[in-house]
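**Student:** Would you mind keeping the following structure in view while I ask a few things?
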Amino acid sequence: MRQYNETEKNRLEQMASDYRSFLDAGKTERECAANICAIARAHGFRDLDEILEKGESLKAGDKIYAVNMKKAVLLMQIGQESLEKGMNLIGSHIDSPRLDIKQNPVYENSGLAYLDTHYYGGIKKYQWVASPMALHGTVVRTDGTVLELSIGEKDEDPVVGITDLLVHLSGKQMDKKGSTVIEGEALDLLVGSYAVDDKEEKEPVKAFLLKVLKEKYGMEEKDFVSAELEVVPAGRARDFGLDGSMIMAYGQDDRICAFTSLMAFLDAENSQRTNVCLFVDKEEIGSVGATGMQSRFLENTLAEVLNCLGQYSELALRRALKNSTMLSADVNAGYDPLYADAFEKNNAAYVGKGAVISKYTGSRGKSGSNDASAEFLGSLRRAFDADDIQYQTAELGKIDVGGGGTIAYITAAYGMDVVDLGVPILNMHAPYEVSSKADVYETYRCYKTFFQMGK
């Protein structure tokens, strides 16, 4: 880790504090998107939908944001150069592995009330048991009213969780492979044990739970069908390590890159080029659907902006995308010496040694990868070195051990230069992930320098 002077250290610690608050404010993609929009408005950004509704035009220097189904956000500061000449674009994702409540989840078994779940993203299922969990999400009632829920985060809130078998009786369980120690259908949430005082009621514990849901939260059982409820680890982001050098929290993949790119975007000096900060959903399940990177959100928003600038044509849109440069802002696996066999040490990312550039991701024979060009990497190295930024390069583990992908290959299809750049993380996809404060700070500096390229 580099040595910081007092001013830099104060800046680093302040950024870490702001980052913890950012994580606490957005444990779901909806919450994170709403928080990003609030921050954008506080910095003078205007909603593109309002601009379109009023039939207003746009010009260089304007600051706008667009929202896609409350789960993806795009921020843009329009530069002096024609948009046809491209943008400086940083894209991250704001969804994280979790458990989702099913559509018909409530049941009673042996005097206990449960909610049935379906896990989202790649997880080790055994990591999600015997820990306090919170419920976050949105419920749309039959009458159309909307209920926003967050249960388990305040000190006075109850928490929920998934039970595990006691070690005294788990001989057979311990003989199973890690992937089957806990089955997907066993990830059911224990949520109650009180019963209604009614001897005629066949499921008195379930009935009592439904009574609580109605009286305390205004929710009926049938409302689960039109609900998006997520089970996430309860509790705040915390400093980690006796020296306070790290942060432990849920959802750092990839809200750590969302935060650092957002702060860099807001702090960057005006560029001649248009700067764009993009936050998308569904990366953990392949970037699919209406809110993932494979949707047309970026393309459609850019078309609207070009039209408001009086510059729209299909060719102008294609040129704007092709001539852009992008950082795919996503995390990499931090080298863990306790599991050294999974890494190739000369090409691993080390916690505390700065932002990590991943020339390519994918798995095994670079399957599912974007492979960045030497010229683009050269331009980034020159810019980062000029600003004395600490960065490193890495792959995600040994070649034949596994691998992973990001949104880079999707935007690369437009013909733009794209490379992955983010933060090394320990415990990736576990309920609580670990990052270095220094890496957060250096990644922010990388992103800020990138937004100022072409100034």
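Identifiers for the structure tokens are assigned positionally: chains receive A, B, ... in sequence, residues are indexed from 1 per chain, and ligands are indexed from 1 in the order shown.
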Would you please give, as a PDB file with N, CA, C and O atoms, in the first residue's frame, all residues of segment 316-387 of chain A that DSSP assigns to strand (DSSP E) based on the backbone?
**Tutor:**
ATOM      1  N   THR A 325     -15.299   5.754 -25.562  1.00  0.00           N
ATOM      2  CA  THR A 325     -14.399   4.906 -24.781  1.00  0.00           C
ATOM      3  C   THR A 325     -15.062   4.622 -23.454  1.00  0.00           C
ATOM      4  O   THR A 325     -15.736   5.491 -22.885  1.00  0.00           O
ATOM      5  N   MET A 326     -14.867   3.404 -22.942  1.00  0.00           N
ATOM      6  CA  MET A 326     -15.606   2.992 -21.748  1.00  0.00           C
ATOM      7  C   MET A 326     -14.727   2.229 -20.771  1.00  0.00           C
ATOM      8  O   MET A 326     -13.891   1.415 -21.165  1.00  0.00           O
ATOM      9  N   LEU A 327     -14.943   2.488 -19.497  1.00  0.00           N
ATOM     10  CA  LEU A 327     -14.460   1.640 -18.425  1.00  0.00           C
ATOM     11  C   LEU A 327     -15.636   0.828 -17.915  1.00  0.00           C
ATOM     12  O   LEU A 327     -16.634   1.400 -17.457  1.00  0.00           O
ATOM     13  N   SER A 328     -15.541  -0.481 -18.034  1.00  0.00           N
ATOM     14  CA  SER A 328     -16.526  -1.369 -17.422  1.00  0.00           C
ATOM     15  C   SER A 328     -16.123  -1.500 -15.959  1.00  0.00           C
ATOM     16  O   SER A 328     -15.141  -2.163 -15.627  1.00  0.00           O
ATOM     17  N   ASN A 332     -12.836  -7.262  -9.143  1.00  0.00           N
ATOM     18  CA  ASN A 332     -12.072  -8.463  -9.453  1.00  0.00           C
ATOM     19  C   ASN A 332     -11.834  -9.195  -8.138  1.00  0.00           C
ATOM     20  O   ASN A 332     -12.038  -8.640  -7.058  1.00  0.00           O
ATOM     21  N   ALA A 333     -11.403 -10.437  -8.224  1.00  0.00           N
ATOM     22  CA  ALA A 333     -11.152 -11.227  -7.021  1.00  0.00           C
ATOM     23  C   ALA A 333      -9.814 -10.829  -6.405  1.00  0.00           C
ATOM     24  O   ALA A 333      -8.779 -10.914  -7.067  1.00  0.00           O
ATOM     25  N   ALA A 355      -6.410   0.250  -7.751  1.00  0.00           N
ATOM     26  CA  ALA A 355      -7.403  -0.204  -8.724  1.00  0.00           C
ATOM     27  C   ALA A 355      -6.818  -1.307  -9.596  1.00  0.00           C
ATOM     28  O   ALA A 355      -5.608  -1.366  -9.815  1.00  0.00           O
ATOM     29  N   VAL A 356      -7.696  -2.186 -10.084  1.00  0.00           N
ATOM     30  CA  VAL A 356      -7.211  -3.306 -10.894  1.00  0.00           C
ATOM     31  C   VAL A 356      -7.807  -3.230 -12.305  1.00  0.00           C
ATOM     32  O   VAL A 356      -9.019  -3.102 -12.477  1.00  0.00           O
ATOM     33  N   ILE A 357      -6.912  -3.256 -13.286  1.00  0.00           N
ATOM     34  CA  ILE A 357      -7.310  -3.302 -14.694  1.00  0.00           C
ATOM     35  C   ILE A 357      -7.317  -4.755 -15.133  1.00  0.00           C
ATOM     36  O   ILE A 357      -6.327  -5.471 -14.961  1.00  0.00           O
ATOM     37  N   SER A 358      -8.422  -5.192 -15.704  1.00  0.00           N
ATOM     38  CA  SER A 358      -8.539  -6.559 -16.223  1.00  0.00           C
ATOM     39  C   SER A 358      -8.647  -6.474 -17.736  1.00  0.00           C
ATOM     40  O   SER A 358      -9.702  -6.133 -18.265  1.00  0.00           O
ATOM     41  N   GLY A 362     -13.926 -13.243 -18.665  1.00  0.00           N
ATOM     42  CA  GLY A 362     -14.321 -14.521 -19.237  1.00  0.00           C
ATOM     43  C   GLY A 362     -13.819 -15.691 -18.412  1.00  0.00           C
ATOM     44  O   GLY A 362     -13.394 -15.550 -17.269  1.00  0.00           O
ATOM     45  N   SER A 363     -13.877 -16.872 -18.991  1.00  0.00           N
ATOM     46  CA  SER A 363     -13.433 -18.077 -18.293  1.00  0.00           C
ATOM     47  C   SER A 363     -12.707 -18.992 -19.269  1.00  0.00           C
ATOM     48  O   SER A 363     -12.965 -18.988 -20.470  1.00  0.00           O
TER      49      SER A 363
END
**Student:** Give me the residues near Ser295 of chain A as a PyMOL selection string, where near means some atom within 12 Å (using only C-alpha atoms) and where sequence neighbours in that chain fewer than 5 positions away do not count.
**Tutor:** chain A and resi 68-69+72+280-283+286-290+300-301+407+410-411
**Student:** Which residues are close to Tyr250 of chain A, i.e. within 9 Å by only C-alpha atoms, leaving aside same-chain residues fewer than 2 positions away? Reply as a count of residues only.
**Tutor:** 19
**Student:** Tell me, as a list in words, which residues lie within 8 Å of Ala412 of chain A, counting only C-alpha atoms; anything in the same chain fewer than 5 positions away does not count.
**Tutor:** Asn370, Asp417 and Val418 of chain A
**Student:** How about saving the chosen residues, C-alpha atoms kept, as a compact mmCIF listing (two decimals), in the first residue's frame?
**Tutor:**
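Result file is out_6.txt:
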# COMPACT_ATOMS: atom_id res chain seq x y z
CA ASN A 370 -13.98 -8.60 -23.92
CA ASP A 417 -12.90 0.72 -26.77
CA VAL A 418 -13.77 -0.98 -23.45
**Student:** Fewer than 5 positions away in the same chain doesn't count, so skip those; otherwise give me all residues within 10 Å of Glu183 of chain A, counting only C-alpha atoms, as a count of residues only.
**Tutor:** 3
**Student:** Can you tell me, as JSON, numbers by chain, what residues are no more than 7 Å from Ile389 of chain A when counting only C-alpha atoms, ignoring any on the same chain fewer than 2 positions away?
**Tutor:** {"A": [384, 385, 387, 391, 442, 445, 446]}
**Student:** Please, which residues of segment 6-137 of chain A, numbered as in this document, come out alpha helix (DSSP H) from DSSP, as number ranges by chain?
**Tutor:** A: 6-25, 29-42, 48-54
**Student:** Counting only C-alpha atoms, figure out which residue out of A:Ala349, A:Arg381, A:Gly26, A:Val106 gets nearest to Pro337 of chain A.
**Tutor:**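 Using only C-alpha atoms, the shortest distance to Pro337 of chain A belongs to A:Ala349.
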